[in-house]
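**Student:** coords.pdb is reproduced below (PDB, C-alpha atoms).
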```
ATOM      1  CA  MET A 333      -0.800  19.025  27.428
ATOM      2  CA  ARG A 334       0.383  17.143  24.356
ATOM      3  CA  LEU A 335      -1.377  14.000  23.192
ATOM      4  CA  SER A 336       0.749  10.867  23.466
ATOM      5  CA  LEU A 337      -0.357   7.399  22.402
ATOM      6  CA  VAL A 338       2.539   5.717  24.193
ATOM      7  CA  PRO A 339       4.638   6.784  27.202
ATOM      8  CA  LYS A 340       7.526   9.124  26.420
ATOM      9  CA  GLU A 341      10.014   6.514  27.591
ATOM     10  CA  THR A 342       9.378   2.820  26.996
ATOM     11  CA  ASN A 343      11.532  -0.244  27.546
ATOM     12  CA  VAL A 344       9.851  -2.976  25.513
ATOM     13  CA  ASP A 345      11.886  -6.004  24.465
ATOM     14  CA  PHE A 346      10.789  -6.439  20.862
ATOM     15  CA  PHE A 347      13.029  -9.431  20.272
ATOM     16  CA  SER A 348      12.223 -11.649  23.237
ATOM     17  CA  ARG A 349      10.036 -13.756  20.929
ATOM     18  CA  SER A 350      11.339 -12.684  17.534
ATOM     19  CA  TRP A 351      11.178 -16.282  16.317
ATOM     20  CA  LEU A 352       7.420 -16.155  16.896
ATOM     21  CA  SER A 353       6.901 -12.912  14.933
ATOM     22  CA  LEU A 354       9.095 -14.094  12.067
ATOM     23  CA  GLY A 355       7.343 -17.470  12.057
ATOM     24  CA  LEU A 356       3.929 -15.775  11.985
ATOM     25  CA  SER A 357       5.027 -13.508   9.124
ATOM     26  CA  GLY A 358       6.432 -16.478   7.212
ATOM     27  CA  ALA A 359       3.220 -18.468   7.702
ATOM     28  CA  LEU A 360       1.056 -15.551   6.544
ATOM     29  CA  MET A 361       3.236 -15.119   3.455
ATOM     30  CA  VAL A 362       2.871 -18.822   2.611
ATOM     31  CA  ILE A 363      -0.917 -18.580   3.058
ATOM     32  CA  SER A 364      -0.968 -15.489   0.825
ATOM     33  CA  ILE A 365       1.006 -17.224  -1.922
ATOM     34  CA  VAL A 366      -1.214 -20.315  -1.734
ATOM     35  CA  ALA A 367      -4.343 -18.124  -1.863
ATOM     36  CA  PHE A 368      -2.971 -16.346  -4.922
ATOM     37  CA  LEU A 369      -2.145 -19.626  -6.698
ATOM     38  CA  VAL A 370      -5.485 -21.244  -5.811
ATOM     39  CA  PHE A 371      -7.942 -18.349  -6.107
ATOM     40  CA  GLY A 372      -6.031 -15.835  -8.202
ATOM     41  CA  LEU A 373      -6.932 -12.165  -8.194
ATOM     42  CA  ASN A 374     -10.350 -10.756  -8.953
ATOM     43  CA  PHE A 375      -9.124  -8.435 -11.694
ATOM     44  CA  GLY A 376     -11.235  -5.394 -12.477
ATOM     45  CA  ILE A 377     -11.949  -3.894 -15.865
ATOM     46  CA  ASP A 378      -8.466  -2.374 -16.105
ATOM     47  CA  PHE A 379      -6.874  -5.821 -16.196
ATOM     48  CA  ARG A 380      -9.645  -7.964 -17.693
ATOM     49  CA  GLY A 381     -10.718  -5.687 -20.493
ATOM     50  CA  GLY A 382     -14.091  -4.104 -21.008
ATOM     51  CA  THR A 383     -15.960  -1.084 -22.304
ATOM     52  CA  SER A 384     -16.159   2.447 -20.937
ATOM     53  CA  ILE A 385     -19.233   4.578 -21.702
ATOM     54  CA  ARG A 386     -19.167   8.325 -21.100
ATOM     55  CA  ALA A 387     -22.552   9.599 -19.917
ATOM     56  CA  GLN A 388     -23.370  13.311 -19.806
ATOM     57  CA  SER A 389     -26.472  15.026 -18.484
ATOM     58  CA  THR A 390     -27.833  18.362 -17.354
ATOM     59  CA  GLU A 391     -29.003  16.623 -14.176
ATOM     60  CA  ALA A 392     -26.660  15.843 -11.275
ATOM     61  CA  VAL A 393     -25.006  12.422 -11.417
ATOM     62  CA  ASP A 394     -26.433   9.887  -8.966
ATOM     63  CA  VAL A 395     -24.035   6.931  -8.991
ATOM     64  CA  GLY A 396     -26.370   4.761  -6.895
ATOM     65  CA  ALA A 397     -29.327   5.388  -9.179
ATOM     66  CA  TYR A 398     -27.236   4.663 -12.274
ATOM     67  CA  ARG A 399     -26.112   1.394 -10.722
ATOM     68  CA  ASP A 400     -29.683   0.413  -9.848
ATOM     69  CA  ALA A 401     -30.810   1.146 -13.415
ATOM     70  CA  ILE A 402     -28.104  -1.097 -14.903
ATOM     71  CA  ALA A 403     -28.263  -3.898 -12.304
ATOM     72  CA  PRO A 404     -31.207  -5.821 -13.941
ATOM     73  CA  LEU A 405     -29.057  -6.354 -17.063
ATOM     74  CA  GLY A 406     -26.780  -8.744 -15.121
ATOM     75  CA  LEU A 407     -23.520  -7.451 -16.598
ATOM     76  CA  GLY A 408     -21.273  -8.450 -13.710
ATOM     77  CA  ASP A 409     -18.584  -5.957 -12.739
ATOM     78  CA  VAL A 410     -19.859  -2.447 -13.505
ATOM     79  CA  ALA A 411     -17.850   0.506 -12.207
ATOM     80  CA  ILE A 412     -19.526   3.912 -12.194
ATOM     81  CA  SER A 413     -17.730   7.102 -11.216
ATOM     82  CA  GLU A 414     -18.494  10.788 -11.558
ATOM     83  CA  VAL A 415     -15.979  12.862 -13.521
ATOM     84  CA  PHE A 416     -15.004  16.243 -12.085
ATOM     85  CA  ASP A 417     -13.375  18.860 -14.307
ATOM     86  CA  PRO A 418     -13.110  22.621 -13.607
ATOM     87  CA  SER A 419     -13.692  23.262 -17.299
ATOM     88  CA  PHE A 420     -17.189  21.728 -17.193
ATOM     89  CA  GLY A 421     -20.106  24.120 -17.351
ATOM     90  CA  PRO A 422     -23.005  24.071 -14.869
ATOM     91  CA  ASP A 423     -25.035  21.838 -17.195
ATOM     92  CA  GLU A 424     -22.227  19.337 -17.771
ATOM     93  CA  ASN A 425     -22.469  16.445 -15.328
ATOM     94  CA  VAL A 426     -20.325  13.573 -16.553
ATOM     95  CA  ALA A 427     -20.062   9.966 -15.396
ATOM     96  CA  MET A 428     -17.970   7.044 -16.646
ATOM     97  CA  VAL A 429     -19.688   3.645 -16.801
ATOM     98  CA  ARG A 430     -17.171   0.807 -17.166
ATOM     99  CA  ILE A 431     -18.384  -2.717 -17.924
ATOM    100  CA  GLN A 432     -16.164  -5.807 -17.873
ATOM    101  CA  SER A 433     -15.817  -8.047 -20.923
ATOM    102  CA  GLN A 434     -18.513 -10.694 -21.131
ATOM    103  CA  ASP A 435     -17.404 -14.333 -21.451
ATOM    104  CA  GLY A 436     -13.969 -13.494 -22.818
ATOM    105  CA  ASP A 437     -15.221 -11.278 -25.666
ATOM    106  CA  GLU A 438     -12.897  -8.589 -26.972
ATOM    107  CA  ALA A 439     -15.447  -5.891 -26.138
ATOM    108  CA  ILE A 440     -19.052  -5.418 -25.134
ATOM    109  CA  SER A 441     -21.494  -6.124 -27.955
ATOM    110  CA  VAL A 442     -23.407  -3.297 -29.624
ATOM    111  CA  GLU A 443     -26.648  -4.747 -28.254
ATOM    112  CA  THR A 444     -25.317  -4.667 -24.687
ATOM    113  CA  ILE A 445     -24.126  -1.087 -25.048
ATOM    114  CA  GLN A 446     -27.546  -0.096 -26.385
ATOM    115  CA  ALA A 447     -29.253  -1.857 -23.463
ATOM    116  CA  VAL A 448     -27.098   0.083 -20.985
ATOM    117  CA  GLU A 449     -27.849   3.371 -22.723
ATOM    118  CA  ASP A 450     -31.568   2.589 -22.792
ATOM    119  CA  ALA A 451     -31.583   1.749 -19.080
ATOM    120  CA  LEU A 452     -29.848   5.014 -18.178
ATOM    121  CA  THR A 453     -32.074   7.009 -20.529
ATOM    122  CA  ALA A 454     -35.151   5.525 -18.837
ATOM    123  CA  TYR A 455     -33.853   6.949 -15.536
ATOM    124  CA  ASP A 456     -32.697  10.292 -16.970
ATOM    125  CA  PRO A 457     -34.243  11.331 -20.333
ATOM    126  CA  ASN A 458     -31.721  14.191 -20.630
ATOM    127  CA  ILE A 459     -28.694  11.906 -20.626
ATOM    128  CA  THR A 460     -26.407  11.622 -23.678
ATOM    129  CA  PHE A 461     -23.481   9.325 -24.507
ATOM    130  CA  PRO A 462     -20.696  11.283 -26.232
ATOM    131  CA  SER A 463     -18.176   8.412 -26.429
ATOM    132  CA  VAL A 464     -17.727   4.668 -26.033
ATOM    133  CA  GLU A 465     -14.247   3.127 -25.634
ATOM    134  CA  SER A 466     -13.163  -0.493 -25.285
ATOM    135  CA  VAL A 467     -10.126  -2.073 -23.599
ATOM    136  CA  GLY A 468      -9.223  -5.394 -25.189
ATOM    137  CA  PRO A 469      -7.428  -8.330 -23.512
ATOM    138  CA  LYS A 470      -4.094  -7.419 -25.137
ATOM    139  CA  VAL A 471      -4.054  -3.945 -23.601
ATOM    140  CA  SER A 472      -5.226  -5.256 -20.229
ATOM    141  CA  GLY A 473      -2.466  -7.910 -20.309
ATOM    142  CA  GLU A 474       0.107  -5.198 -20.952
ATOM    143  CA  LEU A 475      -1.254  -3.260 -17.985
ATOM    144  CA  ILE A 476      -0.720  -6.293 -15.728
ATOM    145  CA  TRP A 477       2.934  -6.615 -16.742
ATOM    146  CA  THR A 478       3.461  -2.863 -16.443
ATOM    147  CA  ALA A 479       2.019  -2.969 -12.919
ATOM    148  CA  ILE A 480       4.326  -5.869 -11.961
ATOM    149  CA  GLU A 481       7.316  -4.013 -13.391
ATOM    150  CA  ALA A 482       6.383  -0.866 -11.452
ATOM    151  CA  VAL A 483       6.258  -2.682  -8.105
ATOM    152  CA  ALA A 484       9.466  -4.633  -8.857
ATOM    153  CA  ALA A 485      11.282  -1.444  -9.912
ATOM    154  CA  ALA A 486      10.194   0.291  -6.708
ATOM    155  CA  MET A 487      11.585  -2.549  -4.579
ATOM    156  CA  ALA A 488      14.846  -2.703  -6.555
ATOM    157  CA  THR A 489      15.311   1.052  -6.124
ATOM    158  CA  VAL A 490      14.694   0.710  -2.401
ATOM    159  CA  LEU A 491      17.302  -2.061  -2.221
ATOM    160  CA  ILE A 492      19.929   0.157  -3.852
ATOM    161  CA  TYR A 493      18.970   3.225  -1.812
ATOM    162  CA  ILE A 494      19.173   1.510   1.565
ATOM    163  CA  TRP A 495      22.392  -0.264   0.542
ATOM    164  CA  LEU A 496      24.073   3.042  -0.307
ATOM    165  CA  ARG A 497      22.715   4.897   2.704
ATOM    166  CA  PHE A 498      23.341   2.230   5.308
ATOM    167  CA  GLU A 499      24.836  -1.214   4.628
ATOM    168  CA  TRP A 500      23.755  -4.367   2.821
ATOM    169  CA  GLN A 501      22.347  -5.937   6.008
ATOM    170  CA  PHE A 502      20.004  -2.967   6.439
ATOM    171  CA  SER A 503      19.056  -3.200   2.759
ATOM    172  CA  LEU A 504      18.057  -6.862   2.946
ATOM    173  CA  GLY A 505      16.001  -6.225   6.074
ATOM    174  CA  ALA A 506      14.144  -3.320   4.470
ATOM    175  CA  VAL A 507      13.415  -5.173   1.221
ATOM    176  CA  ALA A 508      12.268  -8.271   3.129
ATOM    177  CA  ALA A 509       9.780  -6.055   4.984
ATOM    178  CA  LEU A 510       8.505  -4.606   1.690
ATOM    179  CA  ILE A 511       8.106  -8.054   0.128
ATOM    180  CA  HIS A 512       6.255  -9.099   3.297
ATOM    181  CA  ASP A 513       3.851  -6.137   3.019
ATOM    182  CA  VAL A 514       3.112  -6.550  -0.698
ATOM    183  CA  THR A 515       2.699 -10.332  -0.415
ATOM    184  CA  LEU A 516       0.242 -10.063   2.474
ATOM    185  CA  THR A 517      -1.752  -7.364   0.679
ATOM    186  CA  ILE A 518      -2.050  -9.479  -2.469
ATOM    187  CA  GLY A 519      -2.947 -12.460  -0.276
ATOM    188  CA  VAL A 520      -5.843 -10.586   1.341
ATOM    189  CA  PHE A 521      -7.172  -9.518  -2.061
ATOM    190  CA  SER A 522      -6.895 -13.107  -3.326
ATOM    191  CA  LEU A 523      -8.446 -14.721  -0.256
ATOM    192  CA  PHE A 524     -11.456 -12.415  -0.104
ATOM    193  CA  GLN A 525     -11.670 -11.871  -3.879
ATOM    194  CA  ILE A 526     -11.712  -8.110  -3.526
ATOM    195  CA  GLN A 527     -11.624  -6.387  -6.908
ATOM    196  CA  PHE A 528      -8.044  -5.693  -8.007
ATOM    197  CA  GLY A 529      -7.556  -2.797 -10.412
ATOM    198  CA  LEU A 530      -5.071  -0.065 -11.276
ATOM    199  CA  PRO A 531      -5.902   1.957  -8.111
ATOM    200  CA  ILE A 532      -4.682  -1.019  -6.041
ATOM    201  CA  ILE A 533      -1.310  -0.851  -7.822
ATOM    202  CA  ALA A 534      -1.145   2.784  -6.753
ATOM    203  CA  ALA A 535      -1.972   1.633  -3.210
ATOM    204  CA  LEU A 536       0.805  -1.003  -3.321
ATOM    205  CA  LEU A 537       3.370   1.602  -4.378
ATOM    206  CA  THR A 538       2.135   3.924  -1.632
ATOM    207  CA  ILE A 539       2.443   1.086   0.891
ATOM    208  CA  VAL A 540       6.024   0.496  -0.249
ATOM    209  CA  GLY A 541       6.830   4.162   0.397
ATOM    210  CA  TYR A 542       5.032   4.246   3.745
ATOM    211  CA  SER A 543       6.687   1.080   5.027
ATOM    212  CA  LEU A 544      10.085   2.280   3.815
ATOM    213  CA  ASN A 545       9.627   5.586   5.633
ATOM    214  CA  ASP A 546       8.974   3.805   8.945
ATOM    215  CA  THR A 547      11.916   1.469   8.378
ATOM    216  CA  VAL A 548      14.341   4.287   7.534
ATOM    217  CA  VAL A 549      13.338   6.210  10.668
ATOM    218  CA  VAL A 550      14.194   3.170  12.810
ATOM    219  CA  PHE A 551      17.397   2.415  10.888
ATOM    220  CA  ASP A 552      18.565   6.032  11.170
ATOM    221  CA  ARG A 553      18.226   5.826  14.941
ATOM    222  CA  VAL A 554      19.996   2.444  14.923
ATOM    223  CA  ARG A 555      22.929   3.997  13.049
ATOM    224  CA  GLU A 556      23.117   6.873  15.514
ATOM    225  CA  ASN A 557      23.013   4.529  18.500
ATOM    226  CA  LEU A 558      25.628   2.218  17.000
ATOM    227  CA  ARG A 559      27.954   5.208  16.954
ATOM    228  CA  ARG A 560      26.934   6.375  20.403
ATOM    229  CA  PHE A 561      26.827   3.119  22.369
ATOM    230  CA  LYS A 562      29.770   1.110  21.104
ATOM    231  CA  LYS A 563      29.706  -1.482  23.885
ATOM    232  CA  LEU A 564      26.031  -2.403  23.664
ATOM    233  CA  ASP A 565      25.305  -5.508  21.660
ATOM    234  CA  LEU A 566      23.182  -5.191  18.530
ATOM    235  CA  LYS A 567      20.004  -6.519  20.165
ATOM    236  CA  GLU A 568      20.135  -3.841  22.863
ATOM    237  CA  VAL A 569      20.825  -1.120  20.291
ATOM    238  CA  LEU A 570      17.864  -2.251  18.187
ATOM    239  CA  ASN A 571      15.539  -2.366  21.184
ATOM    240  CA  LEU A 572      16.706   1.073  22.305
ATOM    241  CA  SER A 573      16.234   2.536  18.815
ATOM    242  CA  ILE A 574      12.745   1.106  18.330
ATOM    243  CA  ASN A 575      11.637   2.293  21.777
ATOM    244  CA  GLU A 576      12.976   5.790  21.067
ATOM    245  CA  THR A 577      11.018   6.012  17.788
ATOM    246  CA  LEU A 578       7.919   4.156  19.010
ATOM    247  CA  SER A 579       5.946   7.272  19.935
ATOM    248  CA  ARG A 580       6.575   8.822  16.505
ATOM    249  CA  THR A 581       5.686   5.570  14.717
ATOM    250  CA  MET A 582       2.415   5.093  16.598
ATOM    251  CA  MET A 583       1.335   8.717  16.224
ATOM    252  CA  THR A 584       1.995   8.681  12.477
ATOM    253  CA  SER A 585       0.220   5.360  11.932
ATOM    254  CA  VAL A 586      -2.836   6.167  14.055
ATOM    255  CA  THR A 587      -3.401   9.612  12.540
ATOM    256  CA  THR A 588      -3.059   8.118   9.034
ATOM    257  CA  LEU A 589      -5.539   5.379   9.933
ATOM    258  CA  ILE A 590      -8.065   7.908  11.243
ATOM    259  CA  ALA A 591      -8.103   9.668   7.865
ATOM    260  CA  LEU A 592      -8.230   6.382   5.935
ATOM    261  CA  ILE A 593     -11.065   4.940   8.033
ATOM    262  CA  ALA A 594     -13.077   8.131   7.460
ATOM    263  CA  LEU A 595     -12.524   7.744   3.709
ATOM    264  CA  PHE A 596     -13.443   4.056   3.862
ATOM    265  CA  VAL A 597     -16.739   4.778   5.626
ATOM    266  CA  LEU A 598     -17.716   7.984   3.848
ATOM    267  CA  GLY A 599     -15.856   7.852   0.538
ATOM    268  CA  GLY A 600     -18.238   5.554  -1.325
ATOM    269  CA  ASP A 601     -17.712   2.518  -3.526
ATOM    270  CA  VAL A 602     -15.432   4.231  -6.032
ATOM    271  CA  ILE A 603     -12.427   4.450  -3.686
ATOM    272  CA  ARG A 604     -13.335   1.834  -1.072
ATOM    273  CA  ASN A 605     -11.045  -0.934  -2.369
ATOM    274  CA  PHE A 606      -8.149   1.499  -2.692
ATOM    275  CA  VAL A 607      -8.668   2.788   0.851
ATOM    276  CA  PHE A 608      -8.959  -0.768   2.209
ATOM    277  CA  ALA A 609      -5.596  -1.604   0.633
ATOM    278  CA  MET A 610      -4.103   1.495   2.240
ATOM    279  CA  ILE A 611      -5.510   0.656   5.685
ATOM    280  CA  TRP A 612      -4.162  -2.877   5.477
ATOM    281  CA  GLY A 613      -0.831  -1.567   4.188
ATOM    282  CA  VAL A 614      -0.404   0.916   7.038
ATOM    283  CA  VAL A 615      -1.035  -1.825   9.615
ATOM    284  CA  VAL A 616       1.290  -4.438   8.098
ATOM    285  CA  GLY A 617       3.847  -1.762   7.150
ATOM    286  CA  THR A 618       4.126  -0.557  10.739
ATOM    287  CA  TYR A 619       4.352  -4.149  11.966
ATOM    288  CA  SER A 620       7.011  -5.160   9.440
ATOM    289  CA  SER A 621       9.230  -2.155  10.169
ATOM    290  CA  VAL A 622       9.601  -3.357  13.750
ATOM    291  CA  PHE A 623       9.170  -7.110  13.688
ATOM    292  CA  VAL A 624      10.507  -8.046  10.243
ATOM    293  CA  ALA A 625      13.124  -5.535   9.056
ATOM    294  CA  SER A 626      14.774  -5.142  12.469
ATOM    295  CA  ALA A 627      14.565  -8.860  13.289
ATOM    296  CA  ILE A 628      16.326  -9.763  10.048
ATOM    297  CA  LEU A 629      18.964  -7.097  10.696
ATOM    298  CA  LEU A 630      19.553  -8.646  14.121
ATOM    299  CA  ARG A 631      20.160 -12.060  12.573
ATOM    300  CA  LEU A 632      22.436 -10.749   9.835
ATOM    301  CA  GLY A 633      24.471  -8.650  12.245
ATOM    302  CA  VAL A 634      26.314  -5.387  11.583
ATOM    303  CA  LYS A 635      30.016  -4.692  11.707
ATOM    304  CA  ARG A 636      30.783  -1.864  14.075
ATOM    305  CA  ASP A 637      33.592  -0.570  11.858
ATOM    306  CA  TRP A 638      31.328   0.062   8.853
ATOM    307  CA  THR A 639      30.951   3.667   9.922
ATOM    308  CA  LYS A 640      33.078   5.960  12.044
ATOM    309  CA  PRO A 641      31.831   8.883  14.122
ATOM    310  CA  ASP A 642      32.312  12.090  12.158
ATOM    311  CA  ALA A 643      32.795  15.501  13.644
ATOM    312  CA  GLU A 644      29.068  16.152  13.760
ATOM    313  CA  ALA A 645      28.302  12.893  15.516
ATOM    314  CA  GLY A 646      31.174  13.488  17.935
ATOM    315  CA  THR A 647      29.851  16.896  18.805
ATOM    316  CA  GLN A 648      26.269  15.746  19.154
ATOM    317  CA  PHE A 649      26.913  12.722  21.310
ATOM    318  CA  GLY A 650      30.136  13.823  22.989
ATOM    319  CA  ASN A 651      31.834  10.593  21.837
ATOM    320  CA  SER A 652      30.341   8.951  24.926
ATOM    321  CA  GLU A 653      30.499   5.216  25.440
ATOM    322  CA  THR A 654      28.584   3.000  27.804
TER     323      THR A 654
END
```
Write out the structure in this file as structure tokens.
**Tutor:**
Amino acid sequence: MRLSLVPKETNVDFFSRSWLSLGLSGALMVISIVAFLVFGLNFGIDFRGGTSIRAQSTEAVDVGAYRDAIAPLGLGDVAISEVFDPSFGPDENVAMVRIQSQDGDEAISVETIQAVEDALTAYDPNITFPSVESVGPKVSGELIWTAIEAVAAAMATVLIYIWLRFEWQFSLGAVAALIHDVTLTIGVFSLFQIQFGLPIIAALLTIVGYSLNDTVVVFDRVRENLRRFKKLDLKEVLNLSINETLSRTMMTSVTTLIALIALFVLGGDVIRNFVFAMIWGVVVGTYSSVFVASAILLRLGVKRDWTKPDAEAGTQFGNSET
């Protein structure tokens, strides 16, 4: 017996209150923008600048113990992560300690670096510090613009891709859903002041791809049904298409969430913000594929003569009409 999260055949009217779902999405986007303008983002070391200290020891790295040793220094945002490399020998245990810039300084002072090294040495006398690197505000500012350009380029590419594959109405619906997902994710990070670093940019790009995948699956079925059921109005075709792909959408989203929740609970502090962004992105991405992209497509309308049944479609569907 196969597992099914939803019945094999469903007949849900997803557009009976589409004005409510679009209104809710619009309100959440406004709140997200206001939160961003009022609170801003809690940028991490990648975007604010800071100093990275490489720590190496013959003893195993204990991230929690390192953090406890440094905590009394009151240095603010300190990110500690263990470095794994197959080339390391059995006595090479490496950690990266990243400390944000203090009070707008270009880099951490020599005294502060020495205090950090002394605190870690007091915990582990065998520890050494092979390198110290600093990221100044100029480099971090360039990273911010590069991150913005990466997300914008991804959305522009999606716009062109959907336009060429389907039609401009589909393209606008898909891009609106992506803007919705990214805006809400940034809004959550602004509202709750969750640390925003380069891994979150990776999460945003992954969310764009995930949401697009769900949207394309629905739009592919819409295109097939537009060819198959020529006398159904667009609302009925959209409802039929979403219901036919609902089981696949729910199964994909739930199984992805199971893995992400396990990582969020067990993965530790290093990846927790990234995983949180992914969890939020999967939820809003699934929602937007149904209630944003398709709702906008319904309002824009689609010309039935934009595509004609080819031989393959005629064979598959028997050129049937209802």
**Student:** Between A:Ala367, A:Val426, A:Val520, A:Ala508, which residue has the minimum interatomic distance to A:Leu491, considering only C-alpha atoms?
**Tutor:**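 For A:Leu491, the nearest of the candidates is A:Ala508.
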**Student:** Under the PyMOL selection byres ((chain A and resi 514) around 12), which residues of this model are included? Write them out as a count of residues only.
**Tutor:** 43
**Student:** Which residue out of A:Phe368, A:Asn557, A:Thr547, A:Phe528 has the minimum interatomic distance to A:Val490 when all atoms listed in the file are used?
**Tutor:**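 Looking at the shortest contact to A:Val490, the residue is A:Thr547.
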**Student:** Could you check how far atom CA of A:Asp546 sits from atom CA of A:Phe561, in Å to one decimal?
**Tutor:**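 That distance, rounded to one decimal, is 22.3 Å.
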**Student:** Using atom CA of A:Phe524 and atom CA of A:Val370 as the two end points, give the distance in Å to one decimal.
**Tutor:**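 Here the two named atoms are 12.1 Å from each other.
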**Student:** Starting from the shown file, work through the PyMOL selection byres ((chain A and resi 427) around 9) and note down what comes out as number ranges by chain.
**Tutor:** A: 385-389, 393, 395, 412-416, 425-426, 428-429
**Student:** Okay, now the selection with C-alpha atoms, as a PDB file, in the coordinates of the input?
**Tutor:**
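File written: again-v9.pdb
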```
ATOM      1  CA  ILE A 385     -19.233   4.578 -21.702  1.00  0.00           C
ATOM      2  CA  ARG A 386     -19.167   8.325 -21.100  1.00  0.00           C
ATOM      3  CA  ALA A 387     -22.552   9.599 -19.917  1.00  0.00           C
ATOM      4  CA  GLN A 388     -23.370  13.311 -19.806  1.00  0.00           C
ATOM      5  CA  SER A 389     -26.472  15.026 -18.484  1.00  0.00           C
ATOM      6  CA  VAL A 393     -25.006  12.422 -11.417  1.00  0.00           C
ATOM      7  CA  VAL A 395     -24.035   6.931  -8.991  1.00  0.00           C
ATOM      8  CA  ILE A 412     -19.526   3.912 -12.194  1.00  0.00           C
ATOM      9  CA  SER A 413     -17.730   7.102 -11.216  1.00  0.00           C
ATOM     10  CA  GLU A 414     -18.494  10.788 -11.558  1.00  0.00           C
ATOM     11  CA  VAL A 415     -15.979  12.862 -13.521  1.00  0.00           C
ATOM     12  CA  PHE A 416     -15.004  16.243 -12.085  1.00  0.00           C
ATOM     13  CA  ASN A 425     -22.469  16.445 -15.328  1.00  0.00           C
ATOM     14  CA  VAL A 426     -20.325  13.573 -16.553  1.00  0.00           C
ATOM     15  CA  MET A 428     -17.970   7.044 -16.646  1.00  0.00           C
ATOM     16  CA  VAL A 429     -19.688   3.645 -16.801  1.00  0.00           C
TER      17      VAL A 429
END
```
**Student:** Write out as JSON, numbers by chain each polymer residue whose atoms come within 6 Å of stretch 602-608 of chain A, counting only C-alpha atoms; drop sequence neighbours fewer than 3 positions from it.
**Tutor:** {"A": [531, 532, 596, 611]}
**Student:** Which residues, written as a compact mmCIF listing (two decimals) with C-alpha atoms, in the frame of the given file, have at least one atom at most 8 Å from A:Gly529, with all atoms listed in the file counted and residues fewer than 3 positions away on the same chain left out?
**Tutor:**
```txt
# COMPACT_ATOMS: atom_id res chain seq x y z
CA PHE A 375 -9.12 -8.44 -11.69
CA GLY A 376 -11.24 -5.39 -12.48
CA ILE A 377 -11.95 -3.89 -15.86
CA ASP A 378 -8.47 -2.37 -16.10
CA PHE A 379 -6.87 -5.82 -16.20
CA ILE A 532 -4.68 -1.02 -6.04
CA ILE A 533 -1.31 -0.85 -7.82
```
**Student:** Go through A:Glu391, A:Glu424, A:Asp565, A:Glu576 one by one, measure the shortest atom-to-atom distance of each to A:Arg553 using only C-alpha atoms, and give the residue with the smallest value.
**Tutor:**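 Checking each candidate against A:Arg553, we get A:Glu576 as the closest.
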**Student:** So, counting all atoms listed in the file, which residue among A:Ser433, A:Thr577, A:Ser626, A:Ile476 is closest to A:Ala506?
**Tutor:**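 Closest candidate: A:Ser626.
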**Student:** Compute the distance from (17.1, -8.7, 26.3) to each atom, counting only C-alpha atoms, keep the residues with any atom at most 9 Å away, and return them as JSON, numbers by chain; use the coordinates of the file.
**Tutor:** {"A": [345, 346, 347, 348, 567, 568, 571]}
**Student:** For A:Phe502, which residue among A:Asp409, A:Glu443, A:Asp456, A:Asp552 is the nearest when counting all atoms listed in the file?
**Tutor:**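 Closest candidate: A:Asp552.
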**Student:** Considering only C-alpha atoms, can you say which of A:Gln527, A:Leu595, A:Val362, A:Ala454 comes closest to A:Val410?
**Tutor:**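 Among A:Gln527, A:Leu595, A:Val362, A:Ala454, it is A:Gln527 that comes nearest to A:Val410.
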**Student:** Grab the atom CA of A:Ala411 to atom CA of A:Asp394 distance for me, in Å with one decimal place.
**Tutor:**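 So the answer is 13.1 Å.
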**Student:** Determine the residue set returned by the PyMOL selection byres ((chain A and resi 628-633) around 8) for the present structure, and present it as a list in words.
**Tutor:** Gln501, Phe502, Leu504, Gly505, Leu566, Lys567, Leu570, Val624, Ala625, Ser626, Ala627, Val634 and Lys635 of chain A
